[in-house]
Amino acid sequence: MMNLSRSVALISLFLLPLLSFSFSVDNPTDRRVLVLLDDLSLKSSHSIFFNTLKSRGFDLDFKLAEDSKLALQRYGQYLYDGLIIFAPSTERLGGSLDSKSIADFIDSGRDLILSADTSASDLIRGIATECGVDFDEDSSAVVIDHTSFSVSDVDGDHTLIAADDLVKSDVILGKTKIEAPVLFRGVAHSLNPTNNLVLKVLSASPSAYSANPSSKLSSPPQLTGSAISLVSVMQARNNARVVISGSLQLFSDRLIRSGVQKAGSPNQYEKSGNEQFVTELSKWVFHERGHLKAGSLVHHRVGETDEPAIYRIKDDLEFSVEIYEWSGKSWEPYVANDVQVQFYMMSPYVLKTLSTDKKGLFHTSFKVPDVYGVFQFKVEYEKLGYSTLSLSKQIPVRPYRHNEYERFIPTAYPYYGACFTTMAGFFVFSFVYLYHK
């Protein structure tokens with residue numbers, strides 16, 4: 001029995017370092033992703049998307065969503081850095097997985113791609129709701145657009161949408177413009193107005209609406225026009241990223257290889273924009289782009305190099321911080337002109353935009369305000385598509401000591417003059433009064 005316990009302890013000792021390996025802020029590479037499918041045939045029908053991930057160094061672990069051995073954690077450590085759920089019809093996940101464990105997975109700073117369709121279960125809808133996205137309550141409704149459909153839509157119900165209303169962000173969708181429309185067939189969703197972390201990446205046109213294409217409308221549809229989001233993203237406050245798509249077919253080889261021509265447009269494309277769209281979007285969600293890291297905040301008095309333990313009011317100081325961006329292979333200097341530092345105590349007393357040497361160093365100089373107390377240097381950087389930076393360092397500020405004030409204060413010269421003038425006047429008055437007859 002003792003030998004068995006010793007063996008288990010040794011095995012755990014060797015396993016823990018492997019299980020502890022996860023997404024690193026300093027080196028976001030070689031990530032392990034769990035892919036949950038409701039049918040293993042999706043591995044072949046969506047192979048182009050999966051192969052692009054593999055070619056970029058991702059280790060994909062394919063499993064059925066109802067597998068009884070599913071687990072995201074072991075011995076308190078996460079086994080995966082990302083999660084892809086291509087199982088819209090799954091009512092209940094296997095093993096220890098449920099909506100709460102997936103929410104905890106995101107809360108730990110890890111990433112998720114969630115795709116739905118008309119068969120979306122309450123489980124999938126619940127996970128999306130936790131991320132600030134609400135799918136159409138009518139389970140039979142799909143997105144219909146009678147003006148922005150693909151002419152290759154042989155069914156004639158105008159549910160194969162040729163969407164081209166993309167978010168204008170080079171960080172999220174790359175610098176190369178997606179020329180061809182993106183083919184979409186699936187369900188509509190809307191964004192929770194109280195959640196300011198979620199963003200539409202692919203929107204429907206003003207003429208789109210969500211309804212059952214096989215039945216007549218008895219009442220106005222709940223979701224219409226540009227309020228319909230086809231694909232949305234969410235970046236949490238801990239920089240975890242989520243992609244939510246209303247179409248599983250969006251990632252399929254069939255739509256990726258399909259040619260596209262938008263109704264009413266003379267432009268024909270041999271290949272849809274789906275592959276470029278899902279590839280660039282996956283680079284963003286898995287932190288291959290738009291991922292920032294910052295060094296420690298550095299400050300000192302002008303002319304010195306050592307960081308003081310305390311400043312005095314009206315000291316001249318210099319401040320700097322290094323910021324780098326992950327390029328997918330290495331850390332590159334981040335270049336921007338909108339990074340700011342606050343010298344903060346209850347409210348910012350100083351707000352300065354940092355200059356950059358274009359080598360990753362952001363710097364500025366300013367005078368400590370004429371207020372003493374406990375201040376903070378604060379850098380809070382939020383920009384569309386980029387990971388959020390929130391840095392702070394506390395420093396006290398003291399007033400002048402009694403022997404540090406100037407001996408004569410220039411602003412008091414009028415009072416000095418008035419004092420000596422009074423003394424001289426009294427002397428003259430006394431002399432005249434005493435000796436003048």
# chains A, B, ... in the order shown; residues from 1 in each chain; ligands from 1
>>> residues_around(residues="Tyr349 of chain A", least_positions_apart="6", cutoff="9 Å", atoms="only C-alpha atoms", output="list in words")
Gln342, Phe343, Val368, Pro369 and Val371 of chain A
>>> write_last_selection(atoms="all heavy atoms", output="PDB file, in the first residue's frame")
ATOM      1  N   GLN A 342      -1.366  58.872 -15.966  1.00  0.00           N
ATOM      2  CA  GLN A 342      -2.024  59.739 -15.003  1.00  0.00           C
ATOM      3  C   GLN A 342      -1.199  59.775 -13.718  1.00  0.00           C
ATOM      4  O   GLN A 342      -0.695  58.746 -13.274  1.00  0.00           O
ATOM      5  CB  GLN A 342      -3.421  59.221 -14.664  1.00  0.00           C
ATOM      6  CG  GLN A 342      -4.354  59.067 -15.838  1.00  0.00           C
ATOM      7  CD  GLN A 342      -5.683  58.468 -15.409  1.00  0.00           C
ATOM      8  OE1 GLN A 342      -6.279  58.872 -14.419  1.00  0.00           O
ATOM      9  NE2 GLN A 342      -6.137  57.479 -16.157  1.00  0.00           N
ATOM     10  N   PHE A 343      -1.077  60.969 -13.148  1.00  0.00           N
ATOM     11  CA  PHE A 343      -0.529  61.099 -11.799  1.00  0.00           C
ATOM     12  C   PHE A 343      -1.746  61.343 -10.921  1.00  0.00           C
ATOM     13  O   PHE A 343      -2.329  62.420 -10.928  1.00  0.00           O
ATOM     14  CB  PHE A 343       0.469  62.248 -11.735  1.00  0.00           C
ATOM     15  CG  PHE A 343       1.394  62.184 -10.549  1.00  0.00           C
ATOM     16  CD1 PHE A 343       2.181  61.061 -10.333  1.00  0.00           C
ATOM     17  CD2 PHE A 343       1.483  63.240  -9.658  1.00  0.00           C
ATOM     18  CE1 PHE A 343       3.040  60.992  -9.242  1.00  0.00           C
ATOM     19  CE2 PHE A 343       2.333  63.182  -8.569  1.00  0.00           C
ATOM     20  CZ  PHE A 343       3.107  62.057  -8.366  1.00  0.00           C
ATOM     21  N   VAL A 368       5.820  67.641 -10.462  1.00  0.00           N
ATOM     22  CA  VAL A 368       4.912  67.152  -9.430  1.00  0.00           C
ATOM     23  C   VAL A 368       4.014  68.307  -8.993  1.00  0.00           C
ATOM     24  O   VAL A 368       4.499  69.426  -8.757  1.00  0.00           O
ATOM     25  CB  VAL A 368       5.706  66.596  -8.228  1.00  0.00           C
ATOM     26  CG1 VAL A 368       4.757  66.171  -7.109  1.00  0.00           C
ATOM     27  CG2 VAL A 368       6.564  65.415  -8.657  1.00  0.00           C
ATOM     28  N   PRO A 369       2.703  68.096  -8.911  1.00  0.00           N
ATOM     29  CA  PRO A 369       1.800  69.195  -8.530  1.00  0.00           C
ATOM     30  C   PRO A 369       2.053  69.680  -7.106  1.00  0.00           C
ATOM     31  O   PRO A 369       2.664  68.983  -6.283  1.00  0.00           O
ATOM     32  CB  PRO A 369       0.410  68.572  -8.687  1.00  0.00           C
ATOM     33  CG  PRO A 369       0.633  67.099  -8.586  1.00  0.00           C
ATOM     34  CD  PRO A 369       1.983  66.851  -9.181  1.00  0.00           C
ATOM     35  N   VAL A 371       0.627  69.674  -4.443  1.00  0.00           N
ATOM     36  CA  VAL A 371      -0.305  68.998  -3.541  1.00  0.00           C
ATOM     37  C   VAL A 371       0.413  67.779  -2.991  1.00  0.00           C
ATOM     38  O   VAL A 371       1.022  67.018  -3.744  1.00  0.00           O
ATOM     39  CB  VAL A 371      -1.593  68.559  -4.270  1.00  0.00           C
ATOM     40  CG1 VAL A 371      -2.522  67.828  -3.311  1.00  0.00           C
ATOM     41  CG2 VAL A 371      -2.296  69.740  -4.905  1.00  0.00           C
TER      42      VAL A 371
END
>>> residues_around(residues="Arg401 of chain A", least_positions_apart="5", cutoff="12 Å", atoms="only C-alpha atoms", output="list in words")
Arg312, Ile313 and Glu406 of chain A
>>> residues_around(residues="Asp134 of chain A", least_positions_apart="5", cutoff="12 Å", atoms="only C-alpha atoms", output="JSON list (two decimals) with N, CA and C atoms, in the first residue's frame")
[["chain", "number", "residue", "atom", "x", "y", "z"],
["A", 116, "ALA", "N", -23.21, 28.40, -33.50],
["A", 116, "ALA", "CA", -24.57, 27.88, -33.38],
["A", 116, "ALA", "C", -25.21, 27.77, -34.75],
["A", 120, "ALA", "N", -29.62, 25.15, -32.30],
["A", 120, "ALA", "CA", -28.94, 25.56, -31.07],
["A", 120, "ALA", "C", -29.75, 25.18, -29.84],
["A", 122, "ASP", "N", -30.51, 24.91, -25.57],
["A", 122, "ASP", "CA", -30.55, 25.88, -24.48],
["A", 122, "ASP", "C", -29.17, 26.04, -23.85],
["A", 124, "ILE", "N", -26.19, 25.97, -25.42],
["A", 124, "ILE", "CA", -25.41, 26.87, -26.26],
["A", 124, "ILE", "C", -25.93, 28.30, -26.13],
["A", 125, "ARG", "N", -27.24, 28.45, -26.10],
["A", 125, "ARG", "CA", -27.83, 29.78, -25.93],
["A", 125, "ARG", "C", -27.44, 30.38, -24.59],
["A", 126, "GLY", "N", -27.40, 29.55, -23.56],
["A", 126, "GLY", "CA", -27.04, 30.04, -22.22],
["A", 126, "GLY", "C", -25.59, 30.51, -22.16],
["A", 127, "ILE", "N", -24.69, 29.76, -22.80],
["A", 127, "ILE", "CA", -23.28, 30.17, -22.83],
["A", 127, "ILE", "C", -23.13, 31.51, -23.56],
["A", 128, "ALA", "N", -23.87, 31.64, -24.68],
["A", 128, "ALA", "CA", -23.81, 32.90, -25.44],
["A", 128, "ALA", "C", -24.35, 34.06, -24.61],
["A", 129, "THR", "N", -25.42, 33.82, -23.87],
["A", 129, "THR", "CA", -25.99, 34.87, -23.03],
["A", 129, "THR", "C", -25.01, 35.33, -21.97],
["A", 187, "VAL", "N", -28.44, 31.59, -37.74],
["A", 187, "VAL", "CA", -29.40, 32.30, -36.88],
["A", 187, "VAL", "C", -28.84, 33.67, -36.50],
["A", 188, "ALA", "N", -29.77, 34.57, -36.21],
["A", 188, "ALA", "CA", -29.41, 35.94, -35.84],
["A", 188, "ALA", "C", -29.23, 36.04, -34.34],
["A", 189, "HIS", "N", -28.44, 37.01, -33.94],
["A", 189, "HIS", "CA", -28.35, 37.32, -32.52],
["A", 189, "HIS", "C", -28.18, 38.82, -32.35],
["A", 190, "SER", "N", -28.48, 39.28, -31.16],
["A", 190, "SER", "CA", -28.35, 40.69, -30.82],
["A", 190, "SER", "C", -27.41, 40.82, -29.63],
["A", 191, "LEU", "N", -26.90, 42.02, -29.43],
["A", 191, "LEU", "CA", -25.97, 42.27, -28.34],
["A", 191, "LEU", "C", -26.70, 42.84, -27.14],
["A", 192, "ASN", "N", -26.29, 42.41, -25.98],
["A", 192, "ASN", "CA", -26.86, 42.94, -24.74],
["A", 192, "ASN", "C", -26.42, 44.39, -24.58],
["A", 193, "PRO", "N", -27.35, 45.36, -24.57],
["A", 193, "PRO", "CA", -26.95, 46.77, -24.52],
["A", 193, "PRO", "C", -26.23, 47.17, -23.24],
["A", 195, "ASN", "N", -23.88, 45.37, -21.89],
["A", 195, "ASN", "CA", -22.54, 44.80, -21.93],
["A", 195, "ASN", "C", -21.71, 45.57, -22.95],
["A", 198, "VAL", "N", -18.85, 43.54, -25.63],
["A", 198, "VAL", "CA", -19.15, 42.73, -26.82],
["A", 198, "VAL", "C", -19.28, 43.65, -28.03],
["A", 222, "GLN", "N", -38.80, 40.19, -34.53],
["A", 222, "GLN", "CA", -38.18, 40.87, -33.40],
["A", 222, "GLN", "C", -36.82, 41.47, -33.77],
["A", 223, "LEU", "N", -36.08, 40.77, -34.62],
["A", 223, "LEU", "CA", -34.75, 41.24, -35.00],
["A", 223, "LEU", "C", -34.75, 41.64, -36.46],
["A", 227, "ALA", "N", -29.39, 45.81, -36.62],
["A", 227, "ALA", "CA", -29.37, 45.35, -35.23],
["A", 227, "ALA", "C", -29.02, 43.88, -35.15],
["A", 228, "ILE", "N", -29.13, 43.17, -36.28],
["A", 228, "ILE", "CA", -28.78, 41.75, -36.32],
["A", 228, "ILE", "C", -27.27, 41.62, -36.44],
["A", 229, "SER", "N", -26.70, 40.88, -35.53],
["A", 229, "SER", "CA", -25.28, 40.54, -35.62],
["A", 229, "SER", "C", -25.16, 39.10, -36.09],
["A", 230, "LEU", "N", -24.28, 38.89, -37.05],
["A", 230, "LEU", "CA", -24.04, 37.54, -37.55],
["A", 230, "LEU", "C", -22.89, 36.87, -36.81],
["A", 231, "VAL", "N", -21.84, 37.65, -36.58],
["A", 231, "VAL", "CA", -20.68, 37.18, -35.81],
["A", 231, "VAL", "C", -20.27, 38.29, -34.85],
["A", 232, "SER", "N", -20.07, 37.95, -33.61],
["A", 232, "SER", "CA", -19.69, 38.93, -32.59],
["A", 232, "SER", "C", -18.47, 38.45, -31.83],
["A", 244, "ILE", "N", -18.42, 34.49, -31.15],
["A", 244, "ILE", "CA", -19.73, 33.83, -31.21],
["A", 244, "ILE", "C", -20.29, 34.01, -32.61],
["A", 245, "SER", "N", -20.56, 32.88, -33.28],
["A", 245, "SER", "CA", -21.09, 32.90, -34.64],
["A", 245, "SER", "C", -22.45, 32.24, -34.65],
["A", 246, "GLY", "N", -23.36, 32.83, -35.44],
["A", 246, "GLY", "CA", -24.69, 32.24, -35.58],
["A", 246, "GLY", "C", -24.76, 31.20, -36.68]]
>>> residues_around(residues="Gln268 of chain A", least_positions_apart="5", cutoff="12 Å", atoms="only C-alpha atoms", output="list in words")
Ser150, Val151, Ser152, Ala162, Glu179, Ala180, Pro181, Ser258, Gly259, Val260, Gln261, Lys262, Ala263 and Gly273 of chain A
>>> write_last_selection(atoms="N, CA, C and O atoms", output="short mmCIF file (atom, residue, chain, number, x, y, z; two decimals), in the first residue's frame")
data_model
loop_
_atom_site.label_atom_id
_atom_site.label_comp_id
_atom_site.auth_asym_id
_atom_site.auth_seq_id
_atom_site.Cartn_x
_atom_site.Cartn_y
_atom_site.Cartn_z
N SER A 150 -26.87 35.72 -51.70
CA SER A 150 -25.96 35.22 -52.74
C SER A 150 -26.79 34.67 -53.90
O SER A 150 -27.78 33.95 -53.68
N VAL A 151 -26.40 35.00 -55.12
CA VAL A 151 -27.16 34.52 -56.29
C VAL A 151 -27.06 33.02 -56.45
O VAL A 151 -27.82 32.41 -57.20
N SER A 152 -26.12 32.39 -55.75
CA SER A 152 -25.99 30.93 -55.82
C SER A 152 -26.93 30.22 -54.87
O SER A 152 -26.90 28.99 -54.76
N ALA A 162 -24.89 37.08 -48.39
CA ALA A 162 -23.56 37.56 -48.82
C ALA A 162 -23.28 38.84 -48.04
O ALA A 162 -23.66 39.94 -48.46
N GLU A 179 -12.00 41.36 -49.63
CA GLU A 179 -12.70 41.89 -50.81
C GLU A 179 -14.02 41.17 -51.07
O GLU A 179 -15.04 41.80 -51.33
N ALA A 180 -14.00 39.84 -51.02
CA ALA A 180 -15.21 39.07 -51.35
C ALA A 180 -16.17 39.05 -50.17
O ALA A 180 -15.76 39.05 -49.00
N PRO A 181 -17.47 39.05 -50.43
CA PRO A 181 -18.45 38.94 -49.34
C PRO A 181 -18.30 37.61 -48.59
O PRO A 181 -17.80 36.62 -49.13
N SER A 258 -16.70 28.02 -51.96
CA SER A 258 -17.77 28.45 -52.86
C SER A 258 -17.49 29.82 -53.46
O SER A 258 -16.95 30.72 -52.80
N GLY A 259 -17.84 29.99 -54.73
CA GLY A 259 -17.80 31.30 -55.35
C GLY A 259 -18.97 32.13 -54.84
O GLY A 259 -19.95 31.59 -54.31
N VAL A 260 -18.89 33.44 -55.02
CA VAL A 260 -19.94 34.29 -54.48
C VAL A 260 -20.16 35.50 -55.38
O VAL A 260 -19.21 36.07 -55.93
N GLN A 261 -21.42 35.84 -55.53
CA GLN A 261 -21.83 37.08 -56.18
C GLN A 261 -23.03 37.61 -55.43
O GLN A 261 -24.05 36.94 -55.28
N LYS A 262 -22.89 38.81 -54.91
CA LYS A 262 -23.97 39.41 -54.15
C LYS A 262 -25.05 39.91 -55.08
O LYS A 262 -24.76 40.47 -56.15
N ALA A 263 -26.29 39.69 -54.70
CA ALA A 263 -27.42 40.12 -55.53
C ALA A 263 -27.34 41.62 -55.79
O ALA A 263 -27.11 42.42 -54.88
N GLY A 273 -15.18 35.18 -49.11
CA GLY A 273 -14.24 35.74 -48.13
C GLY A 273 -14.20 34.98 -46.83
O GLY A 273 -13.56 35.42 -45.86
#
>>> select_by_dssp(residues="segment 91-233 of chain A", states="helix (DSSP H, G or I)", output="PyMOL selection string")
chain A and resi 99-107+122-130+170-173+225-227
>>> atom_distance(atom1="atom CA of Gly295 of chain A", atom2="atom CA of Ser392 of chain A")
11.4 Å
>>> atom_distance(atom1="atom CA of Tyr416 of chain A", atom2="atom CA of Tyr435 of chain A")
29.0 Å
>>> residues_around(residues="Pro333 of chain A", least_positions_apart="2", cutoff="7 Å", atoms="only C-alpha atoms", output="VMD selection string")
chain A and resid 323 to 325 331 335 358 to 360
>>> write_last_selection(atoms="N, CA and C atoms", output="PDB file, in the first residue's frame")
ATOM      1  N   ILE A 323       6.296  49.000 -23.956  1.00  0.00           N
ATOM      2  CA  ILE A 323       5.122  48.254 -24.414  1.00  0.00           C
ATOM      3  C   ILE A 323       5.484  47.535 -25.710  1.00  0.00           C
ATOM      4  N   TYR A 324       5.140  46.234 -25.767  1.00  0.00           N
ATOM      5  CA  TYR A 324       5.432  45.425 -26.947  1.00  0.00           C
ATOM      6  C   TYR A 324       4.167  44.711 -27.403  1.00  0.00           C
ATOM      7  N   GLU A 325       4.138  44.382 -28.694  1.00  0.00           N
ATOM      8  CA  GLU A 325       3.001  43.686 -29.303  1.00  0.00           C
ATOM      9  C   GLU A 325       3.464  42.366 -29.901  1.00  0.00           C
ATOM     10  N   TRP A 331       7.968  39.216 -30.128  1.00  0.00           N
ATOM     11  CA  TRP A 331       7.519  40.493 -29.592  1.00  0.00           C
ATOM     12  C   TRP A 331       8.152  41.632 -30.394  1.00  0.00           C
ATOM     13  N   VAL A 335       3.885  50.702 -31.466  1.00  0.00           N
ATOM     14  CA  VAL A 335       3.979  52.113 -31.860  1.00  0.00           C
ATOM     15  C   VAL A 335       2.576  52.709 -31.839  1.00  0.00           C
ATOM     16  N   LYS A 358       9.633  54.648 -30.875  1.00  0.00           N
ATOM     17  CA  LYS A 358       9.307  53.627 -31.872  1.00  0.00           C
ATOM     18  C   LYS A 358      10.135  52.352 -31.698  1.00  0.00           C
ATOM     19  N   LYS A 359      10.704  52.197 -30.527  1.00  0.00           N
ATOM     20  CA  LYS A 359      11.417  50.966 -30.178  1.00  0.00           C
ATOM     21  C   LYS A 359      10.786  50.306 -28.951  1.00  0.00           C
ATOM     22  N   GLY A 360       9.572  50.741 -28.654  1.00  0.00           N
ATOM     23  CA  GLY A 360       8.848  50.150 -27.536  1.00  0.00           C
ATOM     24  C   GLY A 360       8.848  50.992 -26.287  1.00  0.00           C
TER      25      GLY A 360
END
>>> select_by_dssp(residues="segment 21-140 of chain A", states="strand (DSSP E)", output="PyMOL selection string")
chain A and resi 32-37+59-64+73-74+77-78+82-86+111-115+133-135
>>> closest_residue(among="A:Leu93, A:Ile85, A:Val243, A:Val171", to="Lys200 of chain A", atoms="only C-alpha atoms")
A:Val243
>>> closest_residue(among="A:Leu292, A:Leu72, A:Val182, A:Val35", to="Phe58 of chain A", atoms="only C-alpha atoms")
A:Val35
>>> residues_around(residues="segment 319-322 of chain A", least_positions_apart="6", cutoff="6 Å", atoms="only C-alpha atoms", output="PDB file with C-alpha atoms, in the first residue's frame")
ATOM      1  CA  ALA A 294       4.135  46.103 -20.765  1.00  0.00           C
ATOM      2  CA  GLY A 295       7.196  46.315 -18.588  1.00  0.00           C
ATOM      3  CA  LEU A 297       6.679  51.625 -14.705  1.00  0.00           C
ATOM      4  CA  VAL A 298       9.952  53.535 -14.326  1.00  0.00           C
ATOM      5  CA  HIS A 299      10.220  57.010 -12.795  1.00  0.00           C
ATOM      6  CA  GLY A 360       8.848  50.150 -27.536  1.00  0.00           C
ATOM      7  CA  LEU A 361       9.756  52.885 -25.030  1.00  0.00           C
ATOM      8  CA  PHE A 362       7.078  55.425 -24.078  1.00  0.00           C
ATOM      9  CA  HIS A 363       8.234  58.378 -21.986  1.00  0.00           C
ATOM     10  CA  THR A 364       7.402  61.870 -20.737  1.00  0.00           C
ATOM     11  CA  SER A 365       8.384  64.377 -18.051  1.00  0.00           C
TER      12      SER A 365
END
>>> closest_residue(among="A:Ala65, A:Arg74, A:Tyr400, A:Gly264", to="Asp98 of chain A", atoms="only C-alpha atoms")
A:Ala65
>>> residues_around(residues="Glu288 of chain A", least_positions_apart="6", cutoff="7 Å", atoms="only C-alpha atoms", output="list in words")
Trp326, Ser327 and Gly328 of chain A
>>> atom_distance(atom1="atom CA of Thr147 of chain A", atom2="atom CA of Ser247 of chain A")
19.5 Å
